[in-house]
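Novice: Below you'll find the structure I mean.
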Amino acid sequence: MQIWHIAWREIKVNLRDMRTFVLMLAFPIVLMLILGMALTNAFTSGLSLGDMNLLYRDTADNPQLEASWDQFTAAIAKEGVTLTPAPVDTDGKAEVSADHYTAYAEISNNGIAFFGGVMHTLESNVLQGMLATFADRYNLAAAAMIDSPEKAEAILTDTYAGGDFVAETALGSEKKPGSIDYYAMAMTTMVAFYSCMSGSFLIRGERLRNTAIRLSAAPVSKGTIFAGKVIGCTAINFLCVAAVFLFSKFVFKADWGDHYAAVLLVLLTEVLLAVSIGLGCSYLFMEDGGRLVVLIFTQIASFLGGAYFPVDDATNFMKIARDISPMRWANQALTQIIYGHDWLAAMPAIGLNTAVAAAFLAITAILMRRREAL
Amino acid sequence: MNVLEIRNLTKKFGDFIAVDNINLSVAEGEIFGFLGANGAGKSTTINMIASLLRATRGEIELLGRNIAKHNKFAKMNIGIVPQDLAIYEDMTAYENVSFFAGLYGLRGSLLHERTEEALQFVGLGDKHRSFPRNFSGGMKRRLNIACAIAHRPKLIIMDEPTVGIDPQSRNYILNSVRKLNDMGCTIIYTSHYMEEVEEICTRIAIVDHGKIIADGTKEQLKSTITDTKDIWIGVKSAESLKVDSLRNVQGVTAVRMDEQILKINSKTEVNNLNDIIQKLIRDRVEIRSVEEQEPSLETVFLTLTGRNLRD
Ligand SMILES: Nc1ncnc2c1ncn2[C@@H]1O[C@H](COP(=O)(O)OP(=O)(O)OP(=O)(O)O)[C@@H](O)[C@H]1O
Ligand SMILES: [Mg+2]
């Protein structure tokens, strides 16, 4: 009961706080509009597909597989994929690394091995998607020999897609995010991530106002206070995120696909994650240090996570930084859900968000128990 | 039964001993005063009673039960008015009181009733919907009190509730303290203002360097000082006064100016009134009145601790 009492206070106070509206609603909506409008052209060309050159080696001797493979290659050739059988003594991966081909695939009785190049992420992703669909369709085990864990995840989720591989190829041609669609998604995940800041203020704010004294003196456990505040903070921030989502959907007519529940669940867990990170930082880095860390982290994560423009052609350090941005996970999952019509793609992001949130909450709980007061 | 019983209570912050082996009991119905200079350890003691700090050693019993073992019971029966304002500026007066009272399990119409009652009690009955950011210092202090009493605690701890406010609000608060006491609450009160403590407290403990160096009623405390008397001399203007020359008079132990009154502490056995007056006349100070009296609480404090309550 006390949990709701505490959570409700959090929600109520934030609801009438102007800052909540400016930061969590007005700011993302305006930015969505500005970026969406201003970058329309740059954006469309940025996402259009270039040449797709697939190098492949077919070592299978299963006639049924052979037949399906021929059928498949004929179909994707029509979609604009150039297929080149690899000569016996070439190293397919080296060819891709040297950027002679977009990707390399090995078809054997065991399944398909895929190697995507880093130079043309989008094209190689599309090829990967096609192959995954093919593998899935013919019940082959798809093994991914790839150069990044992020792609491993992608091929995993792609195999869930029960769709037709020809429909998959439509990703490149018909259905791709317009700039307003992209920014609707990016701004919404950014706002979700902004919950970091209110998270970092949750307990620090009580200390600054001395109300931590009253909370500690009251007959409620630290755990109750903690849970109540996290729930309240997550709820109010999710409310803002949902409002941005609805606004972009109905006013800007942004494309959010058809799996709303999956989209909202990804966003909800992202808010929870952000709140937990903020709260954790306020304990890990005492006093104002925590606020600064959170502020910088939020900005960098938003930037690299693609809040202001898609960060696709990243290399080395940038790539690592990008891939650990929670916004990136969310954006990728959402892209899959919306454009891949695949609500199961939400699962890895939801799982990751929840797990990392739980880790941060656990750290906070331990640090909190050590302190005498809050 | 004693409401509060403290035995061998010690609190260390690292190597620093903030509270040093305190023993104390407070009976039901008392208004118990804690007097001590800055850093004496008053707040630290109070915070241990209110479960805000863990004692390094010793034990505290509230209404006969150990507060560490019966923590929830102890918390339910204590109301704390923190030294620094502890209210939400972005919630109305009503919401503040109601939120904190709600933490004690009050709900629904009972919560509403008690919230009203507490606000009425501190004279903010007509400010339900106002935000504390628009309040005067005195009103905020009163709200700070209301937040501590709505759950009707048996023991109310007030840590300098009148700091930095106007005389009117101060009187209001002092009256509220008396009224709460009349209603059956036991009160622990700390203050830097000697007059306040002298006025309302039924018993007083003097704290210095973490130790209680004396406790009792004000009469008892005064009677411990038998070798010092107070000489109060009303003067018109003290500009020409050389305070140091007075300190040299035999028997004089302390001299201070309090508004228009020159307050001198002097040993009882020395008759030095003539010398003092002569010095004043030589310094051309216009004397209005001369009073020799029992030592005041201030003198007691000064004699026992060797310092003034306020610097
Ligand atoms: N958390 C802490 N860590 C270290 N030292 C502390 C801490 N809290 C208090 N102290 C020290 O303990 C001593 C007693 O502090 P306390 O706040 O109890 O004094 P006080 O009597 O309430 O003084 P004041 O009249 O200024 O409120 C002080 O010297 C203070 O610096
Ligand atoms: Mg204090």
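Residues are named by chain letter and number: chains run A, B, ... in the order of the structure tokens, numbers start at 1 in each chain, and ligands are numbered from 1 in the order shown.
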Using only C-alpha atoms and all ligand atoms, find each protein or nucleic acid residue lying at most 9 Å from ligand 2; present the set as a list of chain:residue names.
Specialist: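 Answer in the requested format: B:Asn38, B:Gly39, B:Ala40, B:Gly41, B:Lys42, B:Ser43, B:Thr44, B:Ile46, B:Pro82, B:Gln83, B:Asp84, B:Asp159, B:Glu160, B:Thr190, B:Ser191.
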Novice: Convert the current residue selection to file output with C-alpha atoms, as a PDB file, in the first residue's frame.
Specialist:
ATOM      1  CA  ASN B  38      26.883  24.506  17.805  1.00  0.00           C
ATOM      2  CA  GLY B  39      28.221  21.029  17.270  1.00  0.00           C
ATOM      3  CA  ALA B  40      27.480  19.899  20.816  1.00  0.00           C
ATOM      4  CA  GLY B  41      25.729  16.780  19.546  1.00  0.00           C
ATOM      5  CA  LYS B  42      22.055  17.671  19.965  1.00  0.00           C
ATOM      6  CA  SER B  43      20.945  16.781  16.456  1.00  0.00           C
ATOM      7  CA  THR B  44      23.022  13.628  16.446  1.00  0.00           C
ATOM      8  CA  ILE B  46      17.912  13.322  18.293  1.00  0.00           C
ATOM      9  CA  PRO B  82      13.920  18.409  11.551  1.00  0.00           C
ATOM     10  CA  GLN B  83      16.328  21.253  12.112  1.00  0.00           C
ATOM     11  CA  ASP B  84      16.293  22.122   8.418  1.00  0.00           C
ATOM     12  CA  ASP B 159      15.154  20.335  16.528  1.00  0.00           C
ATOM     13  CA  GLU B 160      15.391  24.121  16.632  1.00  0.00           C
ATOM     14  CA  THR B 190      16.312  21.967  21.252  1.00  0.00           C
ATOM     15  CA  SER B 191      17.032  25.585  20.748  1.00  0.00           C
TER      16      SER B 191
END
Novice: Please identify the residues whose atoms come within 12 Å of ligand 1, using only C-alpha atoms and all ligand atoms, and report them as a PyMOL selection string.
Specialist: (chain A and resi 371-373) or (chain B and resi 10-20+34-48+52-54+82-84+158-161+163+189-193+206-212+309-311)
Novice: Return the neighbours of chain A among the residues of chain B, cut-off 10 Å, counting only C-alpha atoms, as a count of residues only.
Specialist: 40
Novice: Do you know which residues are at most 12 Å from Ala349 in chain A counting only C-alpha atoms, after dropping those on the same chain fewer than 6 positions away, and could you put them as a PyMOL selection string?
Specialist: chain A and resi 150+153-154+157+262-270+273+324-337+343+355-357
